[in-house]
Amino acid sequence: MNPIHKITGNRLLQLLPKTRKTRIVSAGAVFLSLCAFGAVGVAPIAPDASDLPVKQVAQDLELPNLADQIAALQQDEQQFIREERIRPGDSLGSLFNRLGVNDADAQKFVRADKVARRLLSLKTGKRIQAETDENGLLMSLRGTITEGKNGDARTITVARKGEEFSVTDTPAKLERRVEMRSRDITSSLYSATDSNVDGGSLPDSIVGQIIEMFSTSIDFRSDLKRGDRFSVVYETFWLDGELVKTGRILAGEFVNRGVAYQSVWYEDPVTKQGGYYTLDGKALKKAFLKSPLEFSRISSGFSMRVHPISGKWKAHKGVDYAAGTGTPIRAVGDGTIDFAGVSGGYGNMVVLKHWSNYSTAYAHMSRFASGLRKGQKVSQGQVIGYVGSTGWSTGAHLHYEFRVAGQAKDPNQFKSLAQQPLSQAELSRFRMAAAEMNHRFSLLAPSGGTTMAAR
């Protein structure tokens, strides 16, 4: 035997698996590999696309009859929608002319109907939309007006029904947005808020809220200095891409002389009570107003006096505010109406129950606020009645009592009392809301540190 063959054979035998099972698996793998290479070798090669035959097909297509379509459109009633903005000095006639409305009956209805006539109060720049037929007859007229202290938006719609008109007044469906602004103080607060360095100035209502929010910590007449800054997060409400009204400030930060004061609006989803708090959950609002009347003078304080009717020397367990009949009376704090009616010498009287064991009483009213009833919740500053001279009274004034556990106390002792603190459950929910606003402050803040105000 050839030595070379012998050596080669031995080496090949050494490369083969030693067990029977392993040899079978190895042989199967070799067989599958050979099949794959064979399939590639015998597979047909696809023809080149350029060598394929090309076949042309021609077919006549019937065009639509445009004359029939035009005739059908002419038979249908055409309606047109136009939109205009109110211009200075606009009258209903000039507005209708621009809207393409040629309808004397529609003009007459809008002028005569009490609800439809409110469209004439639209301010300059506001939009109004009209739908007419091809002859200019009004099919519908729509506009959104804002009214009231809170800027409530209402959509007034005039619609034609046959030969008659109807009008509807519905709440406008507004889009709520949250905006953030930050400003540096260079000369005054108002010059900073009027600046449009980031594309727009701050609304006047937001400026007023900033002052009210931080007035207990900052004197805006003397404390401001160049280099102070503030940031606000607030609501705006839009309709069809147009700003309708501004809401409340959701969070605010004012850095005055290197000290940062922060405030967050929080309304508990369970209790529905809302207010402004520091980031650690302390209420900023005072529990009670200093006075239930906005403008008045004290005619008799909490002290001993001669009663004007009996002539006897006795304690006057309240404060009398001299004011004209009809002057609005405000609730000094959040609470619930415990009594509203006639109470002997007090005349027309309202008693409010506040948190803990505090309550307040308002007497000698000429009349109550509309819809007032026992068990109704009222907010601080809400009008609950009007000054009068009912009961044992010698002239128009408000008799106001501050009570603790049912006993009259001098209200001056409780002027600095803070709002009801958050419960533990409310505080845990508040912290989650405050964390988001604190993150927004960090986005608006420039580089450089500030000192947090001690609370």
# chains A, B, ... in the order shown; residues from 1 in each chain; ligands from 1
>>> select_by_dssp(residues="segment 120-330 of chain A", states="helix (DSSP H, G or I)", output="list in words")
Leu120, Ser121, Leu189, Tyr190, Ser191, Ala192, Thr193, Asp194, Asp204, Ser205, Ile206, Val207, Gly208, Gln209, Ile210, Ile211, Glu212, Met213 and Phe214 of chain A
>>> write_last_selection(atoms="N, CA and C atoms", output="short mmCIF file (atom, residue, chain, number, x, y, z; two decimals), in the first residue's frame")
data_model
loop_
_atom_site.label_atom_id
_atom_site.label_comp_id
_atom_site.auth_asym_id
_atom_site.auth_seq_id
_atom_site.Cartn_x
_atom_site.Cartn_y
_atom_site.Cartn_z
N LEU A 120 -75.38 92.41 18.05
CA LEU A 120 -74.96 93.78 17.73
C LEU A 120 -73.96 94.31 18.75
N SER A 121 -73.77 93.58 19.87
CA SER A 121 -72.82 94.01 20.89
C SER A 121 -71.43 93.42 20.67
N LEU A 189 -43.32 96.90 36.57
CA LEU A 189 -44.05 95.66 36.31
C LEU A 189 -44.84 95.76 35.01
N TYR A 190 -45.51 96.91 34.80
CA TYR A 190 -46.38 97.04 33.63
C TYR A 190 -45.58 97.11 32.33
N SER A 191 -44.39 97.71 32.35
CA SER A 191 -43.58 97.72 31.13
C SER A 191 -43.11 96.31 30.79
N ALA A 192 -42.88 95.49 31.83
CA ALA A 192 -42.46 94.11 31.58
C ALA A 192 -43.61 93.28 31.03
N THR A 193 -44.81 93.49 31.55
CA THR A 193 -45.96 92.69 31.08
C THR A 193 -46.40 93.13 29.69
N ASP A 194 -46.17 94.40 29.33
CA ASP A 194 -46.53 94.88 27.99
C ASP A 194 -45.52 94.46 26.93
N ASP A 204 -54.23 91.91 30.67
CA ASP A 204 -54.38 92.75 31.87
C ASP A 204 -54.91 91.94 33.06
N SER A 205 -55.81 90.99 32.78
CA SER A 205 -56.37 90.19 33.88
C SER A 205 -55.29 89.36 34.57
N ILE A 206 -54.30 88.90 33.82
CA ILE A 206 -53.20 88.13 34.41
C ILE A 206 -52.31 89.03 35.25
N VAL A 207 -52.09 90.26 34.79
CA VAL A 207 -51.29 91.21 35.58
C VAL A 207 -51.95 91.46 36.92
N GLY A 208 -53.29 91.66 36.90
CA GLY A 208 -54.00 91.88 38.15
C GLY A 208 -53.89 90.69 39.09
N GLN A 209 -53.92 89.49 38.54
CA GLN A 209 -53.80 88.30 39.37
C GLN A 209 -52.39 88.17 39.96
N ILE A 210 -51.38 88.57 39.19
CA ILE A 210 -50.01 88.53 39.70
C ILE A 210 -49.88 89.42 40.94
N ILE A 211 -50.42 90.65 40.83
CA ILE A 211 -50.35 91.59 41.95
C ILE A 211 -51.09 91.05 43.16
N GLU A 212 -52.29 90.53 42.92
CA GLU A 212 -53.09 89.99 44.04
C GLU A 212 -52.41 88.79 44.68
N MET A 213 -51.80 87.94 43.86
CA MET A 213 -51.19 86.71 44.35
C MET A 213 -50.00 86.97 45.26
N PHE A 214 -49.16 87.96 44.90
CA PHE A 214 -47.92 88.18 45.64
C PHE A 214 -47.93 89.44 46.50
#
>>> residues_around(residues="Arg367 of chain A", least_positions_apart="5", cutoff="9 Å", atoms="only C-alpha atoms", output="list in words")
Gly326, Asn348, Gly385, Tyr386, Val387 and Gly388 of chain A
>>> write_last_selection(atoms="N, CA and C atoms", output="PDB file, in the first residue's frame")
ATOM      1  N   GLY A 326     -78.735  98.911  49.502  1.00  0.00           N
ATOM      2  CA  GLY A 326     -78.423  98.259  48.230  1.00  0.00           C
ATOM      3  C   GLY A 326     -76.956  97.968  48.009  1.00  0.00           C
ATOM      4  N   ASN A 348     -83.652  90.822  58.141  1.00  0.00           N
ATOM      5  CA  ASN A 348     -83.169  89.855  57.148  1.00  0.00           C
ATOM      6  C   ASN A 348     -81.720  89.519  57.461  1.00  0.00           C
ATOM      7  N   GLY A 385     -76.029  89.284  49.787  1.00  0.00           N
ATOM      8  CA  GLY A 385     -77.168  90.151  50.092  1.00  0.00           C
ATOM      9  C   GLY A 385     -76.808  91.607  49.911  1.00  0.00           C
ATOM     10  N   TYR A 386     -77.746  92.492  50.368  1.00  0.00           N
ATOM     11  CA  TYR A 386     -77.559  93.929  50.147  1.00  0.00           C
ATOM     12  C   TYR A 386     -77.944  94.694  51.405  1.00  0.00           C
ATOM     13  N   VAL A 387     -77.199  95.751  51.659  1.00  0.00           N
ATOM     14  CA  VAL A 387     -77.392  96.558  52.869  1.00  0.00           C
ATOM     15  C   VAL A 387     -78.813  97.108  52.913  1.00  0.00           C
ATOM     16  N   GLY A 388     -79.365  97.114  54.142  1.00  0.00           N
ATOM     17  CA  GLY A 388     -80.703  97.664  54.342  1.00  0.00           C
ATOM     18  C   GLY A 388     -80.884  98.163  55.761  1.00  0.00           C
TER      19      GLY A 388
END
>>> residues_around(residues="Glu235 of chain A", least_positions_apart="3", cutoff="10 Å", atoms="only C-alpha atoms", output="list in words")
Arg176, Arg177, Val178, Glu179, Met180, Ile206, Lys245, Thr246, Gly247, Arg248, Ile249 and Leu250 of chain A
>>> closest_residue(among="A:Asp223, A:Leu243, A:Gly125, A:Val57", to="Gly258 of chain A", atoms="only C-alpha atoms")
A:Asp223
>>> atom_distance(atom1="atom CA of Ser263 of chain A", atom2="atom CA of Leu279 of chain A")
6.6 Å
>>> atom_distance(atom1="atom CA of Gly200 of chain A", atom2="atom CA of Arg226 of chain A")
21.4 Å
>>> residues_around(residues="segment 406-410 of chain A", least_positions_apart="5", cutoff="8 Å", atoms="only C-alpha atoms", output="PyMOL selection string")
chain A and resi 302+317-318+357-359+401
>>> write_last_selection(atoms="N, CA, C and O atoms", output="compact mmCIF listing (two decimals), in the first residue's frame")
# COMPACT_ATOMS: atom_id res chain seq x y z
N PHE A 302 -66.81 96.63 67.99
CA PHE A 302 -67.07 95.57 68.95
C PHE A 302 -66.70 96.10 70.33
O PHE A 302 -65.55 96.04 70.77
N LYS A 317 -72.00 93.17 70.30
CA LYS A 317 -71.24 91.99 69.91
C LYS A 317 -71.15 91.84 68.39
O LYS A 317 -71.50 90.82 67.81
N GLY A 318 -70.69 92.89 67.78
CA GLY A 318 -70.52 92.86 66.33
C GLY A 318 -69.91 94.17 65.87
O GLY A 318 -69.51 95.00 66.67
N ASN A 357 -64.86 75.61 63.74
CA ASN A 357 -66.02 76.09 64.50
C ASN A 357 -66.28 77.58 64.27
O ASN A 357 -66.85 78.26 65.10
N TYR A 358 -65.85 78.10 63.10
CA TYR A 358 -66.04 79.51 62.77
C TYR A 358 -67.34 79.71 62.01
O TYR A 358 -67.73 78.89 61.17
N SER A 359 -68.01 80.83 62.29
CA SER A 359 -69.22 81.21 61.56
C SER A 359 -69.31 82.74 61.54
O SER A 359 -68.70 83.42 62.38
N GLU A 401 -71.22 89.98 62.48
CA GLU A 401 -70.71 89.27 63.66
C GLU A 401 -69.78 88.15 63.23
O GLU A 401 -70.05 87.43 62.25
>>> select_by_dssp(residues="segment 71-315 of chain A", states="strand (DSSP E)", output="PyMOL selection string")
chain A and resi 79-85+127-133+138-147+152-161+164-171+175-184+229-239+242-256+259-267+274-277+297-300+303-306+313-315
>>> closest_atom_pairs(of="segment 182-296 of chain A", to="segment 429-435 of chain A", cutoff="8 Å", atoms="only C-alpha atoms", output="JSON lines")
{"residue": "A:Val264", "atom": "CA", "partner": "A:Ala434", "partner_atom": "CA", "distance": 6.6}
{"residue": "A:Tyr266", "atom": "CA", "partner": "A:Phe430", "partner_atom": "CA", "distance": 6.7}
{"residue": "A:Asp268", "atom": "CA", "partner": "A:Phe430", "partner_atom": "CA", "distance": 7.5}
{"residue": "A:Leu279", "atom": "CA", "partner": "A:Ala434", "partner_atom": "CA", "distance": 6.0}
{"residue": "A:Asp280", "atom": "CA", "partner": "A:Arg431", "partner_atom": "CA", "distance": 7.6}
{"residue": "A:Gly281", "atom": "CA", "partner": "A:Phe430", "partner_atom": "CA", "distance": 7.1}
>>> residues_around(residues="Thr170 of chain A", least_positions_apart="4", cutoff="8 Å", atoms="only C-alpha atoms", output="compact mmCIF listing (two decimals) with all heavy atoms, in the first residue's frame")
# COMPACT_ATOMS: atom_id res chain seq x y z
N ARG A 154 -70.79 82.83 24.91
CA ARG A 154 -72.07 82.28 24.43
C ARG A 154 -72.12 82.41 22.92
O ARG A 154 -71.71 83.42 22.35
CB ARG A 154 -73.25 83.03 25.04
CG ARG A 154 -73.19 83.26 26.53
CD ARG A 154 -73.50 82.02 27.32
NE ARG A 154 -74.82 81.49 27.04
CZ ARG A 154 -75.30 80.39 27.64
NH1 ARG A 154 -74.54 79.74 28.52
NH2 ARG A 154 -76.50 79.94 27.35
N THR A 155 -72.62 81.37 22.26
CA THR A 155 -72.80 81.39 20.82
C THR A 155 -74.26 81.67 20.49
O THR A 155 -75.14 80.92 20.90
CB THR A 155 -72.37 80.06 20.18
OG1 THR A 155 -70.97 79.86 20.42
CG2 THR A 155 -72.61 80.08 18.67
N ILE A 156 -74.50 82.78 19.80
CA ILE A 156 -75.84 83.17 19.38
C ILE A 156 -76.01 82.76 17.92
O ILE A 156 -75.21 83.15 17.07
CB ILE A 156 -76.07 84.69 19.53
CG1 ILE A 156 -75.67 85.15 20.94
CG2 ILE A 156 -77.51 85.04 19.22
CD1 ILE A 156 -76.50 84.57 22.04
>>> atom_distance(atom1="atom CA of Thr186 of chain A", atom2="atom CA of Pro203 of chain A")
18.9 Å
